[in-house]
Amino acid sequence: MPDAAGLRPLPPGSTIGILGSGQLGRMLALAAARLGVKTHIYCEESGPAFDVATATTKAGFEDKAALTAFANTVDVVTYEFENVPVATAEHLNALLPLHPPPKALEVAQDRLTEKTFISQLGVPVAPFAAVGSAAELGAALARLNAPAILKTRRMGYDGKGQIGLKPGDDTAAAWAAIGGHHCVLEQRVPFACELSVLVVRDRNGLLAAYDSPRNTHENGILRRSVVPCGLPDADLMLARDLAARIAAALDYVGVLAVEMFHLGPQAPAAERLMVNEIAPRVHNSGHWTIDACGVSQFENHIRAVAGWPLGSTARHSDAEMVNLIGKEALAWEALAAEPGACVHLYGKREARDGRKMGHVTRLR
Ligand code: AMP
């Protein structure tokens with residue numbers, strides 16, 4: 001059926017262009033293949049997605065001629081990482097549909113823009129301040145007067161570009177250690193647990209959500225996601241509502257991940273949740289949906305960007321997803337022998353420390 005703008009869904013045999021060649025692109029390409037949809041991966045570097053796509057282009061994100069040639073071979077474009085330059089997304093969006101919208105990249109790429117955008121929607125975030133110098137850092141830490149985290153505004157991920165601070169700490173040294181980058185200082189939230197909300201929104205604004213996993217991080221990297229997360233239904237409905245508000249404000253199409261802190265049952269019901277950050281893409285904390293849901297986050301993202309009806313986000317099993325980081329993936333043989341373990345390996349050659357090599361989902 002045509003959507004509100006009169007556009008028809010892309011038929012099987014169409015090609016979706018994906019910017020980025022990581023494991024998320026790989027799992028998107030695999031989901032597309034299941035629907036008879038082709039994929040063309042575009043990235044500066046070859047990566048796990050190159051092994052499973054219909055076509056690949058290795059070229060720079062600033063290379064307008066290569067981007068235009070890529071656009072001529074695909075029907076719609078999406079992306080699998082949030083550091084795609086906004087100018088690249090806008091160049092492509094002028095040639096053909098690109099989902100999620102470039103605005104989502106703009107918001108997610110800069111922690112200050114992101115926190116300002118989210119808090120203006122009435123969605124709670126940790127108290128924060130923009131910091132552009134050692135003096136501003138000193139003043140902001142004194143004002144917050146609480147344990148805090150200094151984060152670079154741009155290009156930080158998996159806990160990189162972050163320094164913990166307490167009132168009275170040497171802010172000149174912290175400013176030097178972070179390399180003098182523009183930053184935000186935010187209060188360290190005494191959270192009881194972390195969760196994420198994964199919503200998928202179609203071209204008509206119809207939204208569906210997966211059950212929210214409880215997430216545990218180690219060294220700033222996601223270690224484990226567990227569903228159900230055990231939080232009260234009312235809190236989960238609020239979490240979903242906050243994520244839906246962000247998706248609607250971005251006029252979003254595709255899967256959006258919203259990472260949140262839960263402050264515990266002692267906090268007033270309306271103030272129990274705070275948004276940490278958004279990821280305008282499929283997300284590591286949703287990998288369990290491949291094995292525990294009829295339609296995974298990857299397939300639903302493909303469906304949304306291709307204008308298809310969304311699939312059911314219902315979960316048929318309880319699940320625990322554990323990332324295989326660095327050398328942990330060398331245990332693939334034992335994992336493969338474990339009854340009920342769903343093993344996913346990303347085909348990365350080198351098992352470097354801190355590198356996500358695969359994940360295993362155990363259904364319960
Ligand atoms: P981020 O890069 O912002 O996703 O941060 C990575 C992880 O650091 C989060 O998942 C939290 O575990 C922790 N973290 C980040 N910001 C805060 C905060 N304001 N308060 C407490 N923990 C935080």
# chains A, B, ... in the order shown; residues from 1 in each chain; ligands from 1
$ closest_atom_pairs --of "chain A" --to "ligand 1" --cutoff "8 Å" --atoms "only C-alpha atoms and all ligand atoms" --output "JSON lines"
{"residue": "A:Ala126", "atom": "CA", "partner": "ligand 1", "partner_atom_place_in_ligand_line": "19 (N)", "distance": 5.9}
{"residue": "A:Ala148", "atom": "CA", "partner": "ligand 1", "partner_atom_place_in_ligand_line": "19 (N)", "distance": 6.8}
{"residue": "A:Ile149", "atom": "CA", "partner": "ligand 1", "partner_atom_place_in_ligand_line": "19 (N)", "distance": 6.1}
{"residue": "A:Lys151", "atom": "CA", "partner": "ligand 1", "partner_atom_place_in_ligand_line": "3 (O)", "distance": 7.6}
{"residue": "A:Gly156", "atom": "CA", "partner": "ligand 1", "partner_atom_place_in_ligand_line": "2 (O)", "distance": 6.3}
{"residue": "A:Tyr157", "atom": "CA", "partner": "ligand 1", "partner_atom_place_in_ligand_line": "2 (O)", "distance": 4.8}
{"residue": "A:Asp158", "atom": "CA", "partner": "ligand 1", "partner_atom_place_in_ligand_line": "2 (O)", "distance": 5.1}
{"residue": "A:Gly159", "atom": "CA", "partner": "ligand 1", "partner_atom_place_in_ligand_line": "2 (O)", "distance": 4.2}
{"residue": "A:Lys160", "atom": "CA", "partner": "ligand 1", "partner_atom_place_in_ligand_line": "2 (O)", "distance": 6.7}
{"residue": "A:Gln162", "atom": "CA", "partner": "ligand 1", "partner_atom_place_in_ligand_line": "2 (O)", "distance": 7.5}
{"residue": "A:Glu186", "atom": "CA", "partner": "ligand 1", "partner_atom_place_in_ligand_line": "19 (N)", "distance": 5.4}
{"residue": "A:Gln187", "atom": "CA", "partner": "ligand 1", "partner_atom_place_in_ligand_line": "19 (N)", "distance": 5.2}
{"residue": "A:Arg188", "atom": "CA", "partner": "ligand 1", "partner_atom_place_in_ligand_line": "20 (N)", "distance": 3.4}
{"residue": "A:Val189", "atom": "CA", "partner": "ligand 1", "partner_atom_place_in_ligand_line": "20 (N)", "distance": 3.7}
{"residue": "A:Pro190", "atom": "CA", "partner": "ligand 1", "partner_atom_place_in_ligand_line": "21 (C)", "distance": 6.2}
{"residue": "A:Phe191", "atom": "CA", "partner": "ligand 1", "partner_atom_place_in_ligand_line": "21 (C)", "distance": 6.7}
{"residue": "A:Glu194", "atom": "CA", "partner": "ligand 1", "partner_atom_place_in_ligand_line": "10 (O)", "distance": 7.0}
{"residue": "A:Thr216", "atom": "CA", "partner": "ligand 1", "partner_atom_place_in_ligand_line": "12 (O)", "distance": 7.3}
{"residue": "A:His217", "atom": "CA", "partner": "ligand 1", "partner_atom_place_in_ligand_line": "12 (O)", "distance": 5.5}
{"residue": "A:Glu218", "atom": "CA", "partner": "ligand 1", "partner_atom_place_in_ligand_line": "12 (O)", "distance": 7.7}
{"residue": "A:Asn219", "atom": "CA", "partner": "ligand 1", "partner_atom_place_in_ligand_line": "7 (C)", "distance": 7.9}
{"residue": "A:Gly220", "atom": "CA", "partner": "ligand 1", "partner_atom_place_in_ligand_line": "6 (C)", "distance": 4.5}
{"residue": "A:Ile221", "atom": "CA", "partner": "ligand 1", "partner_atom_place_in_ligand_line": "6 (C)", "distance": 6.8}
{"residue": "A:Leu222", "atom": "CA", "partner": "ligand 1", "partner_atom_place_in_ligand_line": "10 (O)", "distance": 7.3}
{"residue": "A:Glu259", "atom": "CA", "partner": "ligand 1", "partner_atom_place_in_ligand_line": "10 (O)", "distance": 7.5}
{"residue": "A:Phe261", "atom": "CA", "partner": "ligand 1", "partner_atom_place_in_ligand_line": "21 (C)", "distance": 7.9}
{"residue": "A:Asn276", "atom": "CA", "partner": "ligand 1", "partner_atom_place_in_ligand_line": "3 (O)", "distance": 6.1}
{"residue": "A:Glu277", "atom": "CA", "partner": "ligand 1", "partner_atom_place_in_ligand_line": "3 (O)", "distance": 6.2}
$ write_last_selection --atoms "N, CA, C and O atoms" --output "compact mmCIF listing (two decimals), in the first residue's frame"
# COMPACT_ATOMS: atom_id res chain seq x y z
N ALA A 126 20.87 14.06 32.61
CA ALA A 126 21.69 14.45 33.76
C ALA A 126 22.01 15.95 33.65
O ALA A 126 22.23 16.44 32.53
N ALA A 148 31.25 13.98 38.70
CA ALA A 148 30.84 14.34 37.34
C ALA A 148 31.68 13.57 36.33
O ALA A 148 32.69 12.94 36.69
N ILE A 149 31.27 13.63 35.08
CA ILE A 149 32.04 13.02 33.99
C ILE A 149 32.25 14.08 32.92
O ILE A 149 31.29 14.74 32.49
N LYS A 151 33.08 14.73 29.16
CA LYS A 151 33.00 13.95 27.91
C LYS A 151 33.26 14.87 26.73
O LYS A 151 32.72 15.98 26.69
N GLY A 156 33.06 10.54 20.66
CA GLY A 156 33.26 9.66 21.81
C GLY A 156 32.32 8.47 21.68
O GLY A 156 31.18 8.64 21.27
N TYR A 157 32.76 7.29 21.95
CA TYR A 157 31.89 6.13 21.96
C TYR A 157 32.52 5.06 22.84
O TYR A 157 33.73 5.11 23.12
N ASP A 158 31.70 4.12 23.31
CA ASP A 158 32.19 3.03 24.16
C ASP A 158 33.09 3.55 25.29
O ASP A 158 34.13 2.98 25.60
N GLY A 159 32.69 4.68 25.90
CA GLY A 159 33.43 5.19 27.05
C GLY A 159 34.72 5.92 26.69
O GLY A 159 35.45 6.37 27.58
N LYS A 160 35.01 6.07 25.38
CA LYS A 160 36.23 6.77 24.99
C LYS A 160 36.00 8.28 25.10
O LYS A 160 34.88 8.74 24.91
N GLN A 162 36.38 10.18 27.87
CA GLN A 162 35.66 10.51 29.11
C GLN A 162 36.61 10.49 30.31
O GLN A 162 37.49 9.64 30.38
N GLU A 186 29.00 16.46 32.79
CA GLU A 186 27.68 16.08 33.28
C GLU A 186 27.79 15.40 34.62
O GLU A 186 28.81 14.78 34.93
N GLN A 187 26.74 15.55 35.38
CA GLN A 187 26.73 14.94 36.71
C GLN A 187 26.76 13.43 36.58
O GLN A 187 26.12 12.86 35.68
N ARG A 188 27.53 12.77 37.44
CA ARG A 188 27.52 11.30 37.47
C ARG A 188 26.22 10.85 38.14
O ARG A 188 25.96 11.22 39.28
N VAL A 189 25.43 10.12 37.40
CA VAL A 189 24.10 9.74 37.88
C VAL A 189 24.23 8.47 38.74
O VAL A 189 24.78 7.47 38.28
N PRO A 190 23.71 8.51 39.98
CA PRO A 190 23.80 7.31 40.83
C PRO A 190 22.70 6.32 40.44
O PRO A 190 21.77 6.07 41.19
N PHE A 191 22.83 5.78 39.23
CA PHE A 191 21.72 4.95 38.71
C PHE A 191 21.67 3.58 39.39
O PHE A 191 22.70 3.06 39.85
N GLU A 194 20.99 0.37 34.11
CA GLU A 194 20.89 0.99 32.79
C GLU A 194 19.98 0.13 31.91
O GLU A 194 20.00 -1.10 32.00
N THR A 216 24.47 -3.98 31.05
CA THR A 216 25.62 -3.82 31.94
C THR A 216 26.83 -3.48 31.09
O THR A 216 27.08 -4.13 30.06
N HIS A 217 27.56 -2.45 31.52
CA HIS A 217 28.77 -2.03 30.80
C HIS A 217 30.01 -2.37 31.61
O HIS A 217 29.97 -2.35 32.83
N GLU A 218 31.09 -2.66 30.92
CA GLU A 218 32.39 -2.83 31.57
C GLU A 218 33.39 -2.00 30.78
O GLU A 218 33.45 -2.13 29.55
N ASN A 219 34.14 -1.17 31.48
CA ASN A 219 35.11 -0.27 30.82
C ASN A 219 34.44 0.54 29.70
O ASN A 219 35.03 0.73 28.64
N GLY A 220 33.20 0.96 29.95
CA GLY A 220 32.51 1.80 28.96
C GLY A 220 31.94 1.02 27.79
O GLY A 220 31.30 1.60 26.92
N ILE A 221 32.18 -0.32 27.74
CA ILE A 221 31.69 -1.12 26.60
C ILE A 221 30.53 -2.00 27.09
O ILE A 221 30.60 -2.57 28.18
N LEU A 222 29.51 -2.14 26.26
CA LEU A 222 28.40 -3.01 26.63
C LEU A 222 28.91 -4.43 26.81
O LEU A 222 29.60 -4.97 25.94
N GLU A 259 19.43 5.16 25.15
CA GLU A 259 20.03 4.59 26.36
C GLU A 259 19.61 5.42 27.56
O GLU A 259 19.68 6.66 27.52
N PHE A 261 19.16 5.75 32.09
CA PHE A 261 19.48 5.36 33.47
C PHE A 261 18.17 5.21 34.22
O PHE A 261 17.27 6.04 34.05
N ASN A 276 20.57 8.94 28.70
CA ASN A 276 22.02 9.18 28.60
C ASN A 276 22.37 9.62 27.19
O ASN A 276 22.90 10.70 26.98
N GLU A 277 22.02 8.80 26.20
CA GLU A 277 22.31 9.20 24.82
C GLU A 277 21.43 8.43 23.86
O GLU A 277 20.81 7.43 24.23
$ select_by_dssp --residues "region 226-338 of chain A" --states "strand (DSSP E or B)" --output "PyMOL selection string"
chain A and resi 226-227+254-262+273-279+293+315+319-325
$ write_last_selection --atoms "N, CA, C and O atoms" --output "tab-separated table (two decimals), in the first residue's frame"
chain	number	residue	atom	x	y	z
A	226	VAL	N	19.95	-8.05	29.07
A	226	VAL	CA	19.05	-9.09	29.56
A	226	VAL	C	17.59	-8.62	29.44
A	226	VAL	O	17.26	-7.49	29.82
A	227	VAL	N	16.73	-9.48	28.87
A	227	VAL	CA	15.28	-9.24	28.85
A	227	VAL	C	14.57	-10.46	29.43
A	227	VAL	O	14.99	-11.58	29.17
A	254	GLY	N	13.08	4.28	10.91
A	254	GLY	CA	14.07	3.23	11.17
A	254	GLY	C	14.12	2.91	12.65
A	254	GLY	O	13.22	3.30	13.42
A	255	VAL	N	15.17	2.19	13.05
A	255	VAL	CA	15.35	1.84	14.47
A	255	VAL	C	16.15	2.94	15.17
A	255	VAL	O	17.19	3.37	14.66
A	256	LEU	N	15.65	3.36	16.31
A	256	LEU	CA	16.33	4.34	17.15
A	256	LEU	C	16.56	3.70	18.51
A	256	LEU	O	15.64	3.13	19.10
A	257	ALA	N	17.79	3.80	19.01
A	257	ALA	CA	18.10	3.28	20.35
A	257	ALA	C	18.26	4.46	21.30
A	257	ALA	O	18.94	5.44	20.97
A	258	VAL	N	17.61	4.37	22.45
A	258	VAL	CA	17.72	5.42	23.46
A	258	VAL	C	18.23	4.77	24.74
A	258	VAL	O	17.57	3.90	25.31
A	259	GLU	N	19.43	5.16	25.15
A	259	GLU	CA	20.03	4.59	26.36
A	259	GLU	C	19.61	5.42	27.56
A	259	GLU	O	19.68	6.66	27.52
A	260	MET	N	19.18	4.72	28.61
A	260	MET	CA	18.64	5.43	29.78
A	260	MET	C	19.23	4.89	31.07
A	260	MET	O	19.69	3.75	31.14
A	261	PHE	N	19.16	5.75	32.09
A	261	PHE	CA	19.48	5.36	33.47
A	261	PHE	C	18.17	5.21	34.22
A	261	PHE	O	17.27	6.04	34.05
A	262	HIS	N	18.08	4.17	35.07
A	262	HIS	CA	16.95	4.04	35.98
A	262	HIS	C	17.46	4.35	37.38
A	262	HIS	O	18.45	3.75	37.82
A	273	LEU	N	13.61	8.00	35.37
A	273	LEU	CA	14.37	7.71	34.14
A	273	LEU	C	15.06	8.96	33.63
A	273	LEU	O	14.51	10.05	33.69
A	274	MET	N	16.27	8.75	33.14
A	274	MET	CA	17.03	9.84	32.54
A	274	MET	C	17.65	9.30	31.26
A	274	MET	O	18.14	8.16	31.26
A	275	VAL	N	17.63	10.09	30.21
A	275	VAL	CA	18.26	9.63	28.97
A	275	VAL	C	19.75	9.94	29.01
A	275	VAL	O	20.15	11.05	29.35
A	276	ASN	N	20.57	8.94	28.70
A	276	ASN	CA	22.02	9.18	28.60
A	276	ASN	C	22.37	9.62	27.19
A	276	ASN	O	22.90	10.70	26.98
A	277	GLU	N	22.02	8.80	26.20
A	277	GLU	CA	22.31	9.20	24.82
A	277	GLU	C	21.43	8.43	23.86
A	277	GLU	O	20.81	7.43	24.23
A	278	ILE	N	21.41	8.91	22.62
A	278	ILE	CA	20.66	8.19	21.59
A	278	ILE	C	21.64	7.67	20.53
A	278	ILE	O	22.72	8.22	20.35
A	279	ALA	N	21.24	6.60	19.88
A	279	ALA	CA	22.01	6.09	18.73
A	279	ALA	C	21.01	5.97	17.57
A	279	ALA	O	20.04	5.22	17.68
A	293	CYS	N	12.99	-12.82	18.99
A	293	CYS	CA	11.79	-12.17	18.45
A	293	CYS	C	11.52	-12.70	17.04
A	293	CYS	O	12.46	-13.11	16.34
A	315	ARG	N	8.37	-10.58	21.80
A	315	ARG	CA	9.46	-11.46	22.21
A	315	ARG	C	8.88	-12.82	22.57
A	315	ARG	O	7.92	-12.89	23.33
A	319	ALA	N	15.82	-13.71	27.27
A	319	ALA	CA	17.13	-13.82	26.61
A	319	ALA	C	18.21	-13.05	27.35
A	319	ALA	O	17.94	-12.05	28.02
A	320	GLU	N	19.43	-13.55	27.20
A	320	GLU	CA	20.62	-12.84	27.68
A	320	GLU	C	21.62	-12.79	26.54
A	320	GLU	O	21.96	-13.83	25.96
A	321	MET	N	22.06	-11.60	26.19
A	321	MET	CA	23.07	-11.44	25.14
A	321	MET	C	24.37	-10.99	25.79
A	321	MET	O	24.38	-10.07	26.59
A	322	VAL	N	25.44	-11.68	25.45
A	322	VAL	CA	26.77	-11.32	25.98
A	322	VAL	C	27.68	-11.03	24.80
A	322	VAL	O	27.75	-11.83	23.85
A	323	ASN	N	28.37	-9.91	24.85
A	323	ASN	CA	29.32	-9.60	23.78
A	323	ASN	C	30.58	-10.46	23.91
A	323	ASN	O	31.04	-10.74	25.03
A	324	LEU	N	31.13	-10.84	22.79
A	324	LEU	CA	32.43	-11.52	22.78
A	324	LEU	C	33.46	-10.48	22.40
A	324	LEU	O	33.48	-10.00	21.25
A	325	ILE	N	34.27	-10.10	23.38
A	325	ILE	CA	35.19	-8.99	23.18
A	325	ILE	C	36.63	-9.51	23.11
A	325	ILE	O	37.04	-10.32	23.96
$ closest_atom_pairs --of "region 287-327 of chain A" --to "region 25-35 of chain A" --cutoff "10 Å" --atoms "only C-alpha atoms" --output "Markdown table"
| residue | atom | partner | partner_atom | distance |
| --- | --- | --- | --- | --- |
| A:His287 | CA | A:Met27 | CA | 9.2 |
| A:Ile290 | CA | A:Ala31 | CA | 9.2 |
| A:Val295 | CA | A:Ala31 | CA | 9.4 |
| A:Ser296 | CA | A:Ala31 | CA | 8.2 |
| A:Gln297 | CA | A:Leu28 | CA | 8.8 |
| A:Phe298 | CA | A:Leu28 | CA | 5.1 |
| A:Glu299 | CA | A:Ala31 | CA | 5.0 |
| A:Asn300 | CA | A:Ala31 | CA | 8.7 |
| A:His301 | CA | A:Leu28 | CA | 7.8 |
| A:Ile302 | CA | A:Ala32 | CA | 6.2 |
| A:Arg303 | CA | A:Ala32 | CA | 8.4 |
| A:Ala306 | CA | A:Ala32 | CA | 9.8 |
$ write_last_selection --atoms "N, CA and C atoms" --output "PDB file, in the first residue's frame"
ATOM      1  N   HIS A 287      20.730  -6.894  19.975  1.00  0.00           N
ATOM      2  CA  HIS A 287      21.148  -8.080  19.207  1.00  0.00           C
ATOM      3  C   HIS A 287      20.331  -9.322  19.546  1.00  0.00           C
ATOM      4  N   ILE A 290      17.413 -10.895  17.363  1.00  0.00           N
ATOM      5  CA  ILE A 290      17.578 -11.834  16.236  1.00  0.00           C
ATOM      6  C   ILE A 290      17.041 -13.209  16.637  1.00  0.00           C
ATOM      7  N   VAL A 295      10.628 -10.915  14.498  1.00  0.00           N
ATOM      8  CA  VAL A 295      11.249  -9.951  13.575  1.00  0.00           C
ATOM      9  C   VAL A 295      12.276  -9.141  14.364  1.00  0.00           C
ATOM     10  N   SER A 296      13.534  -9.235  13.956  1.00  0.00           N
ATOM     11  CA  SER A 296      14.635  -8.609  14.713  1.00  0.00           C
ATOM     12  C   SER A 296      14.675  -7.105  14.469  1.00  0.00           C
ATOM     13  N   GLN A 297      15.491  -6.430  15.281  1.00  0.00           N
ATOM     14  CA  GLN A 297      15.697  -4.989  15.052  1.00  0.00           C
ATOM     15  C   GLN A 297      16.267  -4.741  13.650  1.00  0.00           C
ATOM     16  N   PHE A 298      17.083  -5.659  13.167  1.00  0.00           N
ATOM     17  CA  PHE A 298      17.719  -5.464  11.858  1.00  0.00           C
ATOM     18  C   PHE A 298      16.666  -5.546  10.747  1.00  0.00           C
ATOM     19  N   GLU A 299      15.821  -6.583  10.835  1.00  0.00           N
ATOM     20  CA  GLU A 299      14.784  -6.720   9.811  1.00  0.00           C
ATOM     21  C   GLU A 299      13.815  -5.552   9.874  1.00  0.00           C
ATOM     22  N   ASN A 300      13.449  -5.125  11.081  1.00  0.00           N
ATOM     23  CA  ASN A 300      12.505  -4.013  11.175  1.00  0.00           C
ATOM     24  C   ASN A 300      13.109  -2.709  10.667  1.00  0.00           C
ATOM     25  N   HIS A 301      14.408  -2.537  10.836  1.00  0.00           N
ATOM     26  CA  HIS A 301      15.049  -1.340  10.273  1.00  0.00           C
ATOM     27  C   HIS A 301      14.973  -1.387   8.736  1.00  0.00           C
ATOM     28  N   ILE A 302      15.286  -2.537   8.190  1.00  0.00           N
ATOM     29  CA  ILE A 302      15.203  -2.707   6.730  1.00  0.00           C
ATOM     30  C   ILE A 302      13.764  -2.463   6.263  1.00  0.00           C
ATOM     31  N   ARG A 303      12.790  -3.052   6.983  1.00  0.00           N
ATOM     32  CA  ARG A 303      11.382  -2.859   6.612  1.00  0.00           C
ATOM     33  C   ARG A 303      11.018  -1.379   6.629  1.00  0.00           C
ATOM     34  N   ALA A 306      12.625   0.602   3.799  1.00  0.00           N
ATOM     35  CA  ALA A 306      12.112   0.175   2.493  1.00  0.00           C
ATOM     36  C   ALA A 306      10.608   0.461   2.364  1.00  0.00           C
TER      37      ALA A 306
END
$ residues_around --residues "Pro339 (chain A)" --least-positions-apart "6" --cutoff "12 Å" --atoms "only C-alpha atoms" --output "MDAnalysis selection string"
chainID A and resid 360:364
$ residues_around --residues "Val305 (chain A)" --least-positions-apart "5" --cutoff "8 Å" --atoms "only C-alpha atoms" --output "MDAnalysis selection string"
chainID A and resid 76:78 98:100 202:203 253:254
$ write_last_selection --atoms "C-alpha atoms" --output "PDB file, in the first residue's frame"
ATOM      1  CA  VAL A  76      17.246   4.121  -0.651  1.00  0.00           C
ATOM      2  CA  VAL A  77      20.139   4.772   1.731  1.00  0.00           C
ATOM      3  CA  THR A  78      20.589   4.107   5.434  1.00  0.00           C
ATOM      4  CA  LEU A  98      17.881   8.559   3.147  1.00  0.00           C
ATOM      5  CA  HIS A  99      16.636   7.201   6.493  1.00  0.00           C
ATOM      6  CA  PRO A 100      17.011   7.984   9.367  1.00  0.00           C
ATOM      7  CA  ASP A 202       7.850   3.699   9.794  1.00  0.00           C
ATOM      8  CA  ARG A 203       7.400   6.342   7.075  1.00  0.00           C
ATOM      9  CA  VAL A 253      12.325   6.465  10.127  1.00  0.00           C
ATOM     10  CA  GLY A 254      14.068   3.233  11.173  1.00  0.00           C
TER      11      GLY A 254
END
$ residues_around --residues "region 233-249 of chain A" --least-positions-apart "5" --cutoff "8 Å" --atoms "only C-alpha atoms" --output "list in words"
Ile118, Leu121, Val123, Val197, Leu198, Val199, Arg201, Gly205, Leu207, Ala209, Ser212, Leu256, Val258, Ala269, Arg272 and Leu273 of chain A
$ residues_around --residues "Ala292 (chain A)" --least-positions-apart "4" --cutoff "6 Å" --atoms "only C-alpha atoms" --output "NGL selection string"
:A and (288 or 315-317)
$ select_by_dssp --residues "region 242-339 of chain A" --states "alpha helix (DSSP H)" --output "number ranges by chain"
A: 242-249, 289-292, 297-305, 332-337
$ atom_distance --atom1 "CA of Pro213 (chain A)" --atom2 "CA of Asp110 (chain A)"
25.1 Å
$ residues_around --residues "Ala94 (chain A)" --least-positions-apart "6" --cutoff "12 Å" --atoms "only C-alpha atoms" --output "mmCIF file with N, CA, C and O atoms, in the first residue's frame"
data_model
loop_
_atom_site.group_PDB
_atom_site.id
_atom_site.type_symbol
_atom_site.label_atom_id
_atom_site.label_comp_id
_atom_site.auth_asym_id
_atom_site.auth_seq_id
_atom_site.Cartn_x
_atom_site.Cartn_y
_atom_site.Cartn_z
ATOM 1 N N LEU A 67 30.082 9.015 -4.100
ATOM 2 C CA LEU A 67 28.774 8.964 -3.428
ATOM 3 C C LEU A 67 27.648 9.012 -4.464
ATOM 4 O O LEU A 67 26.655 8.284 -4.364
ATOM 5 N N THR A 68 27.809 9.871 -5.467
ATOM 6 C CA THR A 68 26.777 9.985 -6.507
ATOM 7 C C THR A 68 26.681 8.688 -7.310
ATOM 8 O O THR A 68 25.576 8.206 -7.608
ATOM 9 N N ALA A 71 24.837 6.287 -5.219
ATOM 10 C CA ALA A 71 23.398 6.620 -5.191
ATOM 11 C C ALA A 71 22.689 6.098 -6.434
ATOM 12 O O ALA A 71 21.522 5.693 -6.367
ATOM 13 N N VAL A 76 17.386 3.356 -1.895
ATOM 14 C CA VAL A 76 17.246 4.121 -0.651
ATOM 15 C C VAL A 76 18.562 3.946 0.096
ATOM 16 O O VAL A 76 19.291 2.971 -0.161
ATOM 17 N N VAL A 77 18.880 4.884 0.977
ATOM 18 C CA VAL A 77 20.139 4.772 1.731
ATOM 19 C C VAL A 77 19.853 4.805 3.226
ATOM 20 O O VAL A 77 18.965 5.536 3.688
ATOM 21 N N ALA A 87 27.300 16.187 6.052
ATOM 22 C CA ALA A 87 27.346 16.650 4.650
ATOM 23 C C ALA A 87 27.205 15.473 3.688
ATOM 24 O O ALA A 87 26.593 15.593 2.621
ATOM 25 N N THR A 88 27.749 14.324 4.053
ATOM 26 C CA THR A 88 27.625 13.116 3.227
ATOM 27 C C THR A 88 26.153 12.692 3.148
ATOM 28 O O THR A 88 25.626 12.410 2.063
ATOM 29 N N PRO A 101 16.762 10.432 9.142
ATOM 30 C CA PRO A 101 17.081 11.731 8.551
ATOM 31 C C PRO A 101 18.434 12.273 9.021
ATOM 32 O O PRO A 101 18.873 11.969 10.141
ATOM 33 N N PRO A 102 19.099 13.084 8.189
ATOM 34 C CA PRO A 102 20.382 13.675 8.567
ATOM 35 C C PRO A 102 20.332 14.415 9.907
ATOM 36 O O PRO A 102 21.311 14.444 10.654
#
$ atom_distance --atom1 "CA of Ser14 (chain A)" --atom2 "CA of Ser285 (chain A)"
28.5 Å
$ atom_distance --atom1 "CA of Leu310 (chain A)" --atom2 "CA of Asp251 (chain A)"
16.5 Å
$ decode --residues "region 104-130 of chain A" --atoms "C-alpha atoms" --output "PDB file, in the first residue's frame"
ATOM      1  CA  ALA A 104      19.308  12.516  13.665  1.00  0.00           C
ATOM      2  CA  LEU A 105      23.050  12.393  12.846  1.00  0.00           C
ATOM      3  CA  GLU A 106      23.461  16.074  13.638  1.00  0.00           C
ATOM      4  CA  VAL A 107      21.845  15.590  17.053  1.00  0.00           C
ATOM      5  CA  ALA A 108      23.640  12.350  17.954  1.00  0.00           C
ATOM      6  CA  GLN A 109      27.118  13.479  16.865  1.00  0.00           C
ATOM      7  CA  ASP A 110      27.450  16.271  19.380  1.00  0.00           C
ATOM      8  CA  ARG A 111      26.712  15.537  23.031  1.00  0.00           C
ATOM      9  CA  LEU A 112      25.842  19.171  23.712  1.00  0.00           C
ATOM     10  CA  THR A 113      23.356  19.383  20.806  1.00  0.00           C
ATOM     11  CA  GLU A 114      21.981  15.999  21.872  1.00  0.00           C
ATOM     12  CA  LYS A 115      21.424  16.880  25.534  1.00  0.00           C
ATOM     13  CA  THR A 116      19.972  20.268  24.637  1.00  0.00           C
ATOM     14  CA  PHE A 117      17.601  18.741  22.031  1.00  0.00           C
ATOM     15  CA  ILE A 118      16.434  15.996  24.396  1.00  0.00           C
ATOM     16  CA  SER A 119      15.942  18.218  27.433  1.00  0.00           C
ATOM     17  CA  GLN A 120      13.975  20.751  25.332  1.00  0.00           C
ATOM     18  CA  LEU A 121      11.460  17.952  24.681  1.00  0.00           C
ATOM     19  CA  GLY A 122      10.891  17.726  28.432  1.00  0.00           C
ATOM     20  CA  VAL A 123      12.819  14.436  28.560  1.00  0.00           C
ATOM     21  CA  PRO A 124      15.095  14.298  31.639  1.00  0.00           C
ATOM     22  CA  VAL A 125      18.889  14.148  31.185  1.00  0.00           C
ATOM     23  CA  ALA A 126      21.689  14.451  33.761  1.00  0.00           C
ATOM     24  CA  PRO A 127      22.485  18.078  34.721  1.00  0.00           C
ATOM     25  CA  PHE A 128      25.145  19.244  32.248  1.00  0.00           C
ATOM     26  CA  ALA A 129      27.223  22.230  31.188  1.00  0.00           C
ATOM     27  CA  ALA A 130      29.118  23.096  28.011  1.00  0.00           C
TER      28      ALA A 130
END
